[in-house]
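Structure record follows, encoded as structure tokens.
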Number of protein chains: 6
Amino acid sequence: MSTSDIYLANGSEVQLFERAYRQRLPVMLTGPTGCGKTRLVEHMGLLLSRPVVTISCHDDLTSSDLVGRFMVTGGDVTWTDGPLTRAVKAGAICYLDEVVEARHDSLAVLHSLTDHRRTLYLDRAGEVVEAPETFMLVCSYNPAYRSSLKELKPSFRQRFVTLPMHYLPPDREAEVIVAEAGVALPTAQRLVQCACAIRTADEAFHFEPPSTRVLVTAAQLIAAGATELEAAEACVLAPLSSDGAISEGLREVAAAGLADADSQSPHR
Amino acid sequence: MSTSDIYLANGSEVQLFERAYRQRLPVMLTGPTGCGKTRLVEHMGLLLSRPVVTISCHDDLTSSDLVGRFMVTGGDVTWTDGPLTRAVKAGAICYLDEVVEARHDSLAVLHSLTDHRRTLYLDRAGEVVEAPETFMLVCSYNPAYRSSLKELKPSFRQRFVTLPMHYLPPDREAEVIVAEAGVALPTAQRLVQCACAIRTADEAFHFEPPSTRVLVTAAQLIAAGATELEAAEACVLAPLSSDGAISEGLREVAAAGLADADSQSPHR
Amino acid sequence: MSTSDIYLANGSEVQLFERAYRQRLPVMLTGPTGCGKTRLVEHMGLLLSRPVVTISCHDDLTSSDLVGRFMVTGGDVTWTDGPLTRAVKAGAICYLDEVVEARHDSLAVLHSLTDHRRTLYLDRAGEVVEAPETFMLVCSYNPAYRSSLKELKPSFRQRFVTLPMHYLPPDREAEVIVAEAGVALPTAQRLVQCACAIRTADEAFHFEPPSTRVLVTAAQLIAAGATELEAAEACVLAPLSSDGAISEGLREVAAAGLADADSQSPHR
Amino acid sequence: MSTSDIYLANGSEVQLFERAYRQRLPVMLTGPTGCGKTRLVEHMGLLLSRPVVTISCHDDLTSSDLVGRFMVTGGDVTWTDGPLTRAVKAGAICYLDEVVEARHDSLAVLHSLTDHRRTLYLDRAGEVVEAPETFMLVCSYNPAYRSSLKELKPSFRQRFVTLPMHYLPPDREAEVIVAEAGVALPTAQRLVQCACAIRTADEAFHFEPPSTRVLVTAAQLIAAGATELEAAEACVLAPLSSDGAISEGLREVAAAGLADADSQSPHR
Amino acid sequence: MSTSDIYLANGSEVQLFERAYRQRLPVMLTGPTGCGKTRLVEHMGLLLSRPVVTISCHDDLTSSDLVGRFMVTGGDVTWTDGPLTRAVKAGAICYLDEVVEARHDSLAVLHSLTDHRRTLYLDRAGEVVEAPETFMLVCSYNPAYRSSLKELKPSFRQRFVTLPMHYLPPDREAEVIVAEAGVALPTAQRLVQCACAIRTADEAFHFEPPSTRVLVTAAQLIAAGATELEAAEACVLAPLSSDGAISEGLREVAAAGLADADSQSPHR
Amino acid sequence: MSTSDIYLANGSEVQLFERAYRQRLPVMLTGPTGCGKTRLVEHMGLLLSRPVVTISCHDDLTSSDLVGRFMVTGGDVTWTDGPLTRAVKAGAICYLDEVVEARHDSLAVLHSLTDHRRTLYLDRAGEVVEAPETFMLVCSYNPAYRSSLKELKPSFRQRFVTLPMHYLPPDREAEVIVAEAGVALPTAQRLVQCACAIRTADEAFHFEPPSTRVLVTAAQLIAAGATELEAAEACVLAPLSSDGAISEGLREVAAAGLADADSQSPHR
């Protein structure tokens with residue numbers, strides 16, 4: 001029923017993911033924002049009948065946030081498993097989104113889970129958890145978004161089977177938009193055309209190009225009564241830049257995509 | 001009764017906001033300080049009959065400040081919801097003012113609320129809160145105020161329907177001033193003229209231009225007996241710069257706006 | 001009885017302060033160290049019959065230091081109001097001295113007190129305190145002392161009615177010195193002359209010029225038996241610089257001010 | 001039974017390790033990622049019949065994480081040994097992986113264990129633990145991965161017998177791959193050839209070259225049905241770089257290694 | 001009996017200190033290391049019959065370290081005064097040595113003690129302590145030792161009567177050495193001569209010149225049997241520099257001072 | 001019985017140390033790693049019949065780690081002395097190894113112990129500990145290892161009698177190696193020759209030269225069956241550099257030292 005049932009494969013990523021799962025190897029998904037990394041993981045969870053535990057990584061994510069901590073209850077101290085530990089014990093797929101953002105101690109705790117040991121050492125709790133066969137670790141990161149301060153160490157990257165993800169081809173992307181937002185196909189096609197124009201121009205502008213997710217959002221706004229131009233402005237162009245001159249340039253690029261969009265009435 | 005009942009729309013922001021609300025999409029408001037972002041949110045709260053929970057973001061705002069924390073009471077530890085969690089549970093509009101100031105862990109906690117999941121994961125409490133249909137997340141930030149240290153990540157910006165806000169046109173701005181401070185219209189018009197002159201000169205000076213809020217404050221001072229020049233000095237010019245030479249330049253620009261202001265008596 | 005009863009106004013600051021108070025607007029005092037900012041606030045407290053709560057801001061001042069915190073007593077946890085909360089509840093004048101030094105979370109907590117809401121949100125205590133009519137927030141900062149690391153954000157500065165403060169004219173300054181230290185008028189005049197000479201030369205030296213407070217201190221030393229030159233050395237010159245060459249230059253500048261000071265005997 | 005039973009020595013590292021053990025000297029293993037440092041330690045543990053306690057070092061590893069800390073239980077405070085203390089008391093081999101990542105206080109705590117004292121001082125617990133004869137400290141680090149921020153101090157490096165590790169010669173490496181992943185020898189040979197080509201080109205590219213571990217992973221993927229090219233892409237090339245141009249160059253280098261790989265069917 | 005009974009004044013510092021005390025003004029002592037700042041404070045304590053509370057300032061000195069903190073005892077929380085609070089309550093002389101090292105919150109807490117308020121606000125304890133007449137605050141810092149990271153703010157320096165301190169003239173310095181270490185006068189004179197030579201050369205070398213304290217230490221070593229050259233090497237030269245070339249230069253400078261020192265036998 | 005019984009003096013350090021002890025003066029040992037600083041302290045402990053308390057300083061060493069802290073036991077809080085306090089109370093020799101690494105608050109706490117006061121102020125415990133006559137403070141640091149971030153302040157260095165330490169002359173060094181590792185004298189001589197060659201070349205390479213400790217370790221490896229070349233590689237050369245070209249250069253320098261070493265059989 002939910003939109004996450006739909007996953008349109010773009011290459012051999014589903015098969016390779018499944019092979020890594022069967023060999024109990026961890027997977028690293030790379031690719032631009034919104035190209036479907038999270039969707040792939042959710043899709044594989046359904047396909048492999050495993051629950052997915054998602055953890056959004058960030059600057060202040062410590063190893064304690066992952067594995068658990070001692071907490072005071074009624075004067076006593078009891079250990080509470082963190083989401084990673086819960087995922088290991090449940091034999092779930094544990095998905096660390098934007099893993100490059102996490103602090104280094106969080107990454108070090110993953111080492112013993114990503115090699116032949118497949119074991120989580122809870123040093124503070126004095127517990128050793130061997131991962132069941134069905135446990136799988138999946139990480140994602142977006143190499144195009146280069147933060148000067150943070151980079152995954154090569155030795156860490158080499159611990160994973162790496163699956164590079166890309167945008168869907170235009171036809172498939174338009175299908176996704178129709179399926180998720182309920183707009184007419186020509187509207188979806190014009191939004192994709194607009195996004196492709198910007199993605200191509202991106203080399204020059206060095207922005208994070210518009211994602212499929214952004215096009216779905218724009219289509220939802222159109223479905224709610226906005227014109228295609230309003231929706232493209234609010235969802236595709238405005239998040240890219242707030243520099244007047246650049247926005248103007250992007251608007252022209254996008255206009256070429258939407259073309260006669262304004263003469264169209266919104267679809268529901 | 002309160003001044004927040006008044007909201008004069010400047011474009012299609014009210015309609016687009018409502019459409020985003022109906023499609024359960026999060027909204028990002030951008031624009032200069034005091035152009036009416038907070039007022040728009042309060043106005044939409046009344047229009048959509050939803051309470052508004054406002055959170056002023058800052059450097060030290062952690063995810064715990066947003067979602068809640070465990071607190072010790074009588075030797076025991078109980079979870080206390082933070083304002084974001086309270087807003088999600090109440091199906092309120094949660095407004096994160098100047099979201100760019102918050103720490104990264106605060107932003108990561110928003111991810112699952114801004115995509116198709118619309119869910120808040122309280123990892124520490126071990127609770128999962130699905131947002132009701134009426135919950136809406138609204139953020140604001142001022143792209144003109146560029147802090148070299150902090151920038152919203154493109155992938156974060158793409159999670160929102162972006163509504164760029166601007167100053168009101170002079171006539172509407174003067175109306176607002178009259179309504180809020182109770183001064184005579186010509187006084188309000190001169191204050192607006194003075195602000196417009198500085199806003200135009202701003203390209204050269206690179207200051208944060210004077211906001212509508214600042215003009216209302218000046219008008220309130222005039223209503224309390226200050227001369228127009230005194231009020232413009234204290235509320236419009238003095239906050240802009242403390243560099244003597246620049247202040248002098250601004251004073252001339254402003255003087256052109258206020259023109260024969262000094263010959264006027266203050267109004268009540 | 002105390003010296004804080006004396007306040008000699010230098011311009012319209014007393015009237016503007018009172019008008020801001022009547023309109024319930026927050027005030028920002030700017031100006032060099034020791035030009036009378038703290039004295040003005042104390043004077044206005046007496047004039048408006050409001051208690052003054054002074055908070056010296058610094059690097060480590062957190063919002064908890066301002067609004068309060070939970071504290072453990074006998075195993076239980078009780079909330080203790082901070083000085084800002086106490087000032088709001090008491091309808092006092094809350095004076096944040098050198099506000100630019102405070103941490104950003106301390107400033108964010110002031111937002112809702114400085115706009116039409118006039119409300120303090122104690123998120124951690126789950127309490128909302130509406131400021132009574134008599135509550136007033138006053139901040140001060142010295143724009144001449146430029147710390148490269150810290151600057152008030154323009155949007156913060158625009159929340160206040162700004163009253164720039166200056167040194168008293170020489171005659172008035174000498175009167176203050178006589179009143180506070182009990183020295184003879186000629187001594188006070190020579191000290192002022194000495195300070196003025198340095199203040200004028202300050203453009204070249206880029207030091208913080210000597211304040212009125214410093215001259216009062218020198219006069220008190222003279223009243224206790226020091227020679228004028230000794231007192232000027234210890235209170236006016238020595239704090240300015242410890243670089244030999246510069247001190248020499250300052251000494252000459254000061255000597256011109258004190259002139260035949262040494263031939264004078266100290267006064268009581 | 002487990003893969004860690006297999007260790008193919010590459011030089012005299014086994015003998016030197018054993019001699020250091022007999023003389024109760026600490027050992028430092030250096031060399032590129034995945035060249036077998038961890039395997040050597042596990043192998044020596046079996047050979048010397050000592051348990052191995054592995055600690056993955058990272059940025060936030062404190063001395064308390066190593067030696068232990070006081071913990072509150074039932075209102076009381078009891079000391080809990082950390083993994084280093086447990087290893088010392090058990091006379092185990094304590095292996096600090098990537099020791100350069102640890103914080104300095106963690107390294108200082110090792111001093112008294114690495115000289116003639118062979119003693120661990122638990123200052124906070126007020127306990128002094130003399131290491132039994134069988135205790136051995138082993139550290140590893142990868143000097144090729146130069147972090148500009150961190151470097152082992154020369155005086156620290158001089159506390160260890162240093163054993164530089166290298167990749168296995170191609171024949172032995174192919175044997176390891178066959179033994180661990182169960183692929184046919186020619187497949188293993190082609191993977192090794194591919195890795196050698198990149199390792200040779202590495203001088204120009206300055207990447208962390210592909211490790212034996214990475215080749216085993218690729219072989220496991222092949223054993224699970226992936227083509228050799230797919231496996232080499234996902235395990236060898238993709239982790240090296242996400243820069244398009246560089247990846248292309250690497251792909252050509254690798255293709256020379258895999259040669260007619262694509263015409264081969266995968267082996268099990 | 002103790003060496004701190006001896007204080008040989010170098011100028012009018014004793015009188016000015018006493019005048020500041022009588023007028024209840026805080027004092028700032030400046031000057032090179034070991035020129036007698038601490039001795040002056042101890043001497044004044046005896047002279048004015050006030051106890052001296054000395055606090056060595058450093059990087060991590062917080063305001064809580066100065067004013068006190070809440071501490072848990074038997075489940076309850078009780079406030080414990082810090083050394084500054086104890087000094088204020090006792091009407092003692094509180095001496096903050098090397099005040100420039102302290103953290104900014106420590107300095108902010110001093111503001112209200114250094115102006116006409118002479119009051120210590122214990123915000124956390126909710127207590128206000130008015131200083132008795134006999135309380136005096138004395139700070140010291142060494143302006144020659146320029147740390148690029150830390151500088152006293154001009155507005156802070158202006159809160160004090162500043163007394164610049166210098167080395168004693170050679171004759172007096174030799175007397176102090178004889179009195180404190182019990183060596184013969186010619187030995188003391190040669191040590192002073194040696195120090196003076198280095199102090200003069202200091203302009204070129206930019207080191208912290210040798211203090212009187214260092215000469216006393218050298219004399220004590222001589223009194224214990226060391227030769228004058230050994231003592232001068234260990235106490236005067238070695239602490240100045242560990243750069244070979246520079247040490248050589250210093251040694252020549254010092255040799256000129258000690259001259260025929262080696263032919264002398266040590267004295268007791 | 002233990003190797004620490006052996007100390008071969010290199011100059012007058014033993015006598016000067018003893019004289020400082022008799023005059024109750026603190027001592028600072030400087031010199032390259034492994035030249036015998038720790039050994040001298042242990043030797044003096046035996047000679048003066050005082051226990052030695054050694055503290056390895058590091059980045060995170062706080063004053064609390066030195067003097068002690070309050071700890072919760074059974075709901076109550078009790079003070080626990082740190083190693084410095086224990087040493088002071090016991091009248092021991094307290095040895096702070098690599099004192100330059102410690103945090104500044106740790107150094108400030110030493111001030112009152114290093115001047116005529118010889119007193120430890122436990123501000124938090126409210127206790128004042130006067131050092132007994134037998135207490136002695138000894139610090140060490142290696143001036144050749146220049147960390148750009150940390151430097152002992154000149155005023156701190158001047159508080160100590162400084163004893164510069166050097167490598168032993170070749171003959172004595174070889175004797176130490178024979179005594180400690182049980183190898184034949186010619187082997188020890190070749191190791192010393194090898195070290196001297198590198199120490200001489202060090203001016204060009206700027207490495208931390210090999211210490212006596214390193215030569216003893218190499219000799220121990222030889223005693224356990226390693227060849228002289230293997231031992232020199234693992235203990236002398238490998239810790240110096242991991243840069244291929246430089247290692248090659250060092251190897252040649254070392255080879256000149258070991259000369260016909262390979263034709264020798266290991267000795268026991």
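Simple scheme: letters A, B, ... for chains in structure tokens order, numbers from 1 for residues in each chain, numbers from 1 for ligands in the order shown.
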
Which neighbours of Leu29 of chain D fall inside 12 Å, counting only C-alpha atoms, when residues of the same chain fewer than 6 positions from it are skipped, and could you give them as a PyMOL selection string? (chain D and resi 13-14+16-17+35-41+95-100+137-143+157+160-166) or (chain F and resi 234+238-239+242)

So that I have them on file, write out the residues from the current selection with C-alpha atoms, as a tab-separated table (two decimals), in the first residue's frame.
```
chain	number	residue	atom	x	y	z
D	13	GLU	CA	57.45	-11.97	11.29
D	14	VAL	CA	56.28	-15.12	13.11
D	16	LEU	CA	60.39	-12.23	15.53
D	17	PHE	CA	56.98	-11.97	17.14
D	35	CYS	CA	47.86	-6.97	4.59
D	36	GLY	CA	47.31	-9.40	7.44
D	37	LYS	CA	48.16	-7.58	10.67
D	38	THR	CA	45.04	-8.75	12.50
D	39	ARG	CA	45.48	-12.25	11.11
D	40	LEU	CA	49.04	-12.42	12.36
D	41	VAL	CA	47.93	-11.49	15.86
D	95	TYR	CA	45.89	-5.96	20.47
D	96	LEU	CA	45.34	-2.21	19.95
D	97	ASP	CA	44.29	-1.88	16.31
D	98	GLU	CA	45.12	1.48	14.63
D	99	VAL	CA	46.65	2.79	17.85
D	100	VAL	CA	47.45	6.16	16.24
D	137	LEU	CA	50.98	-5.78	24.17
D	138	VAL	CA	50.65	-5.52	20.38
D	139	CYS	CA	49.76	-2.36	18.50
D	140	SER	CA	49.25	-1.74	14.81
D	141	TYR	CA	49.16	1.28	12.59
D	142	ASN	CA	49.23	2.10	8.95
D	143	PRO	CA	51.98	4.65	8.24
D	157	ARG	CA	57.34	4.23	18.66
D	160	PHE	CA	58.13	-1.30	20.56
D	161	VAL	CA	59.77	-3.99	18.46
D	162	THR	CA	58.51	-2.92	15.04
D	163	LEU	CA	57.53	-5.55	12.48
D	164	PRO	CA	56.76	-4.07	9.05
D	165	MET	CA	54.14	-6.13	7.18
D	166	HIS	CA	53.60	-6.31	3.42
F	234	ALA	CA	63.05	-4.06	14.16
F	238	ALA	CA	61.83	0.69	11.81
F	239	PRO	CA	60.61	3.02	14.59
F	242	SER	CA	58.30	4.62	7.51
```

For Ala218 of chain F, list every protein, DNA or RNA residue within 9 Å, evaluated using only C-alpha atoms, and leave out those in the same chain fewer than 2 positions away; present the list as a PDB file with N, CA and C atoms, in the first residue's frame.
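Written file, out_5.pdb:
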```pdb
ATOM      1  N   VAL D 161      59.116  -3.270  19.551  1.00  0.00           N
ATOM      2  CA  VAL D 161      59.767  -3.990  18.460  1.00  0.00           C
ATOM      3  C   VAL D 161      58.852  -3.836  17.250  1.00  0.00           C
TER       4      VAL D 161
ATOM      5  N   ALA F 181      70.872  -7.038  28.897  1.00  0.00           N
ATOM      6  CA  ALA F 181      70.318  -8.012  27.947  1.00  0.00           C
ATOM      7  C   ALA F 181      71.114  -9.310  27.917  1.00  0.00           C
ATOM      8  N   LEU F 191      76.009  -2.572  18.310  1.00  0.00           N
ATOM      9  CA  LEU F 191      74.716  -1.859  18.412  1.00  0.00           C
ATOM     10  C   LEU F 191      74.934  -0.393  18.767  1.00  0.00           C
ATOM     11  N   ARG F 213      67.559   2.612  25.587  1.00  0.00           N
ATOM     12  CA  ARG F 213      66.504   1.636  25.812  1.00  0.00           C
ATOM     13  C   ARG F 213      66.265   0.787  24.554  1.00  0.00           C
ATOM     14  N   VAL F 214      66.320   1.465  23.401  1.00  0.00           N
ATOM     15  CA  VAL F 214      66.092   0.788  22.122  1.00  0.00           C
ATOM     16  C   VAL F 214      67.210  -0.230  21.851  1.00  0.00           C
ATOM     17  N   LEU F 215      68.415   0.127  22.236  1.00  0.00           N
ATOM     18  CA  LEU F 215      69.542  -0.788  22.015  1.00  0.00           C
ATOM     19  C   LEU F 215      69.439  -2.002  22.936  1.00  0.00           C
ATOM     20  N   VAL F 216      68.965  -1.757  24.155  1.00  0.00           N
ATOM     21  CA  VAL F 216      68.764  -2.880  25.072  1.00  0.00           C
ATOM     22  C   VAL F 216      67.714  -3.824  24.507  1.00  0.00           C
ATOM     23  N   GLN F 220      68.085  -7.697  23.530  1.00  0.00           N
ATOM     24  CA  GLN F 220      67.231  -8.757  24.078  1.00  0.00           C
ATOM     25  C   GLN F 220      66.707  -9.653  22.963  1.00  0.00           C
ATOM     26  N   LEU F 221      66.377  -9.057  21.831  1.00  0.00           N
ATOM     27  CA  LEU F 221      65.898  -9.829  20.691  1.00  0.00           C
ATOM     28  C   LEU F 221      67.009 -10.738  20.174  1.00  0.00           C
ATOM     29  N   ILE F 222      68.225 -10.203  20.135  1.00  0.00           N
ATOM     30  CA  ILE F 222      69.378 -11.001  19.717  1.00  0.00           C
ATOM     31  C   ILE F 222      69.599 -12.153  20.696  1.00  0.00           C
ATOM     32  N   ALA F 223      69.483 -11.843  21.985  1.00  0.00           N
ATOM     33  CA  ALA F 223      69.628 -12.876  23.007  1.00  0.00           C
ATOM     34  C   ALA F 223      68.588 -13.971  22.842  1.00  0.00           C
ATOM     35  N   ALA F 226      67.419 -13.729  17.459  1.00  0.00           N
ATOM     36  CA  ALA F 226      67.388 -12.950  16.225  1.00  0.00           C
ATOM     37  C   ALA F 226      68.815 -12.612  15.777  1.00  0.00           C
ATOM     38  N   GLU F 228      71.682  -9.973  14.384  1.00  0.00           N
ATOM     39  CA  GLU F 228      71.909  -8.570  14.742  1.00  0.00           C
ATOM     40  C   GLU F 228      71.204  -7.633  13.765  1.00  0.00           C
ATOM     41  N   GLU F 230      68.457  -8.291  11.891  1.00  0.00           N
ATOM     42  CA  GLU F 230      67.015  -8.337  12.179  1.00  0.00           C
ATOM     43  C   GLU F 230      66.668  -7.454  13.377  1.00  0.00           C
ATOM     44  N   ALA F 231      67.440  -7.589  14.425  1.00  0.00           N
ATOM     45  CA  ALA F 231      67.166  -6.852  15.655  1.00  0.00           C
ATOM     46  C   ALA F 231      67.334  -5.349  15.439  1.00  0.00           C
ATOM     47  N   ALA F 232      68.379  -4.965  14.725  1.00  0.00           N
ATOM     48  CA  ALA F 232      68.604  -3.543  14.466  1.00  0.00           C
ATOM     49  C   ALA F 232      67.484  -2.976  13.598  1.00  0.00           C
ATOM     50  N   GLU F 233      67.046  -3.778  12.622  1.00  0.00           N
ATOM     51  CA  GLU F 233      65.931  -3.340  11.772  1.00  0.00           C
ATOM     52  C   GLU F 233      64.666  -3.101  12.609  1.00  0.00           C
ATOM     53  N   ALA F 234      64.325  -4.091  13.445  1.00  0.00           N
ATOM     54  CA  ALA F 234      63.047  -4.059  14.161  1.00  0.00           C
ATOM     55  C   ALA F 234      63.035  -3.048  15.298  1.00  0.00           C
ATOM     56  N   CYS F 235      64.173  -2.839  15.939  1.00  0.00           N
ATOM     57  CA  CYS F 235      64.184  -1.994  17.146  1.00  0.00           C
ATOM     58  C   CYS F 235      64.790  -0.618  16.914  1.00  0.00           C
ATOM     59  N   VAL F 236      65.733  -0.500  16.001  1.00  0.00           N
ATOM     60  CA  VAL F 236      66.434   0.770  15.830  1.00  0.00           C
ATOM     61  C   VAL F 236      65.921   1.526  14.599  1.00  0.00           C
TER      62      VAL F 236
END
```

* Step one, run DSSP on the backbone; step two, keep only residues of segment 40-230 of chain E assigned to helix (DSSP H, G or I); then write them as a PyMOL selection string. => chain E and resi 40-47+63-67+83-90+99-101+104-108+111-114+154-157+170-181+185-205+212-223+228-230

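Note that the spacing between atom CA of Arg159 of chain F and atom CA of His104 of chain F amounts to 15.2 Å.
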
*From a DSSP pass on the backbone, collect the residues of segment 6-142 of chain A flagged as strand (DSSP E) and hand them back as a VMD selection string.*
chain A and resid 27 to 30 52 to 56 68 to 73 76 to 81 93 to 97 119 to 122 127 to 130 136 to 141

Taken to one decimal, the atom CA of Asp105 of chain D-atom CA of Asp60 of chain F distance is 5.8 Å

Requested in this report: Kindly determine which residues of chain B lie within 9 Å of chain A, considering only C-alpha atoms, and give the answer as an MDAnalysis selection string.
Outcome: chainID B and resid 15:16 19:20 22:23 25 28 30 72 74:78 103:109 111:112 115:116 123:124 126 143:144 153:164

Dump as an mmCIF file, in the first residue's frame, selection limited to C-alpha atoms:
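Generated output (selection-v2.cif):
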```
data_model
loop_
_atom_site.group_PDB
_atom_site.id
_atom_site.type_symbol
_atom_site.label_atom_id
_atom_site.label_comp_id
_atom_site.auth_asym_id
_atom_site.auth_seq_id
_atom_site.Cartn_x
_atom_site.Cartn_y
_atom_site.Cartn_z
ATOM 1 C CA GLN B 15 -1.926 29.399 -0.784
ATOM 2 C CA LEU B 16 1.330 27.470 -1.261
ATOM 3 C CA ARG B 19 -1.227 23.286 -0.277
ATOM 4 C CA ALA B 20 1.940 21.981 1.386
ATOM 5 C CA ARG B 22 -2.770 19.552 2.711
ATOM 6 C CA GLN B 23 -0.128 17.319 1.097
ATOM 7 C CA LEU B 25 4.866 18.478 3.134
ATOM 8 C CA MET B 28 11.067 26.204 4.541
ATOM 9 C CA THR B 30 13.577 32.076 3.525
ATOM 10 C CA VAL B 72 15.587 12.231 37.653
ATOM 11 C CA GLY B 74 12.581 11.104 43.448
ATOM 12 C CA GLY B 75 15.456 8.774 42.565
ATOM 13 C CA ASP B 76 13.598 7.526 39.486
ATOM 14 C CA VAL B 77 14.130 8.421 35.884
ATOM 15 C CA THR B 78 11.220 9.519 33.728
ATOM 16 C CA ARG B 103 23.482 21.649 15.838
ATOM 17 C CA HIS B 104 23.622 18.858 13.296
ATOM 18 C CA ASP B 105 22.136 16.230 15.539
ATOM 19 C CA SER B 106 19.050 18.414 15.846
ATOM 20 C CA LEU B 107 18.709 18.450 12.068
ATOM 21 C CA ALA B 108 19.257 14.697 11.683
ATOM 22 C CA VAL B 109 16.358 14.053 14.042
ATOM 23 C CA HIS B 111 14.900 13.597 8.604
ATOM 24 C CA SER B 112 12.305 10.949 9.312
ATOM 25 C CA ASP B 115 10.006 12.320 4.156
ATOM 26 C CA HIS B 116 7.308 9.736 3.487
ATOM 27 C CA ASP B 123 15.889 6.277 20.166
ATOM 28 C CA ARG B 124 16.701 6.961 23.796
ATOM 29 C CA GLY B 126 12.672 3.519 22.696
ATOM 30 C CA PRO B 143 20.189 33.162 3.424
ATOM 31 C CA ALA B 144 21.449 36.765 3.304
ATOM 32 C CA LYS B 153 23.236 20.967 3.601
ATOM 33 C CA PRO B 154 21.691 20.822 0.104
ATOM 34 C CA SER B 155 20.176 17.440 0.883
ATOM 35 C CA PHE B 156 18.450 18.992 3.896
ATOM 36 C CA ARG B 157 17.115 21.948 1.901
ATOM 37 C CA GLN B 158 15.675 19.585 -0.696
ATOM 38 C CA ARG B 159 13.440 18.035 1.953
ATOM 39 C CA PHE B 160 11.261 21.164 2.069
ATOM 40 C CA VAL B 161 8.861 23.168 -0.073
ATOM 41 C CA THR B 162 10.712 26.483 -0.102
ATOM 42 C CA LEU B 163 8.752 29.731 0.107
ATOM 43 C CA PRO B 164 10.961 32.815 -0.388
#
```

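Between atom CA of Gly31 of chain A and atom CA of His43 of chain A the interatomic distance comes to 17.1 Å.
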
**Asked** Which polymer residues have any atom within 9 Å of an atom of Thr85 of chain B, counting only C-alpha atoms, with same-chain residues fewer than 5 positions away left out, as a PyMOL selection string?
**Response** chain B and resi 66-68+90+120+122+129
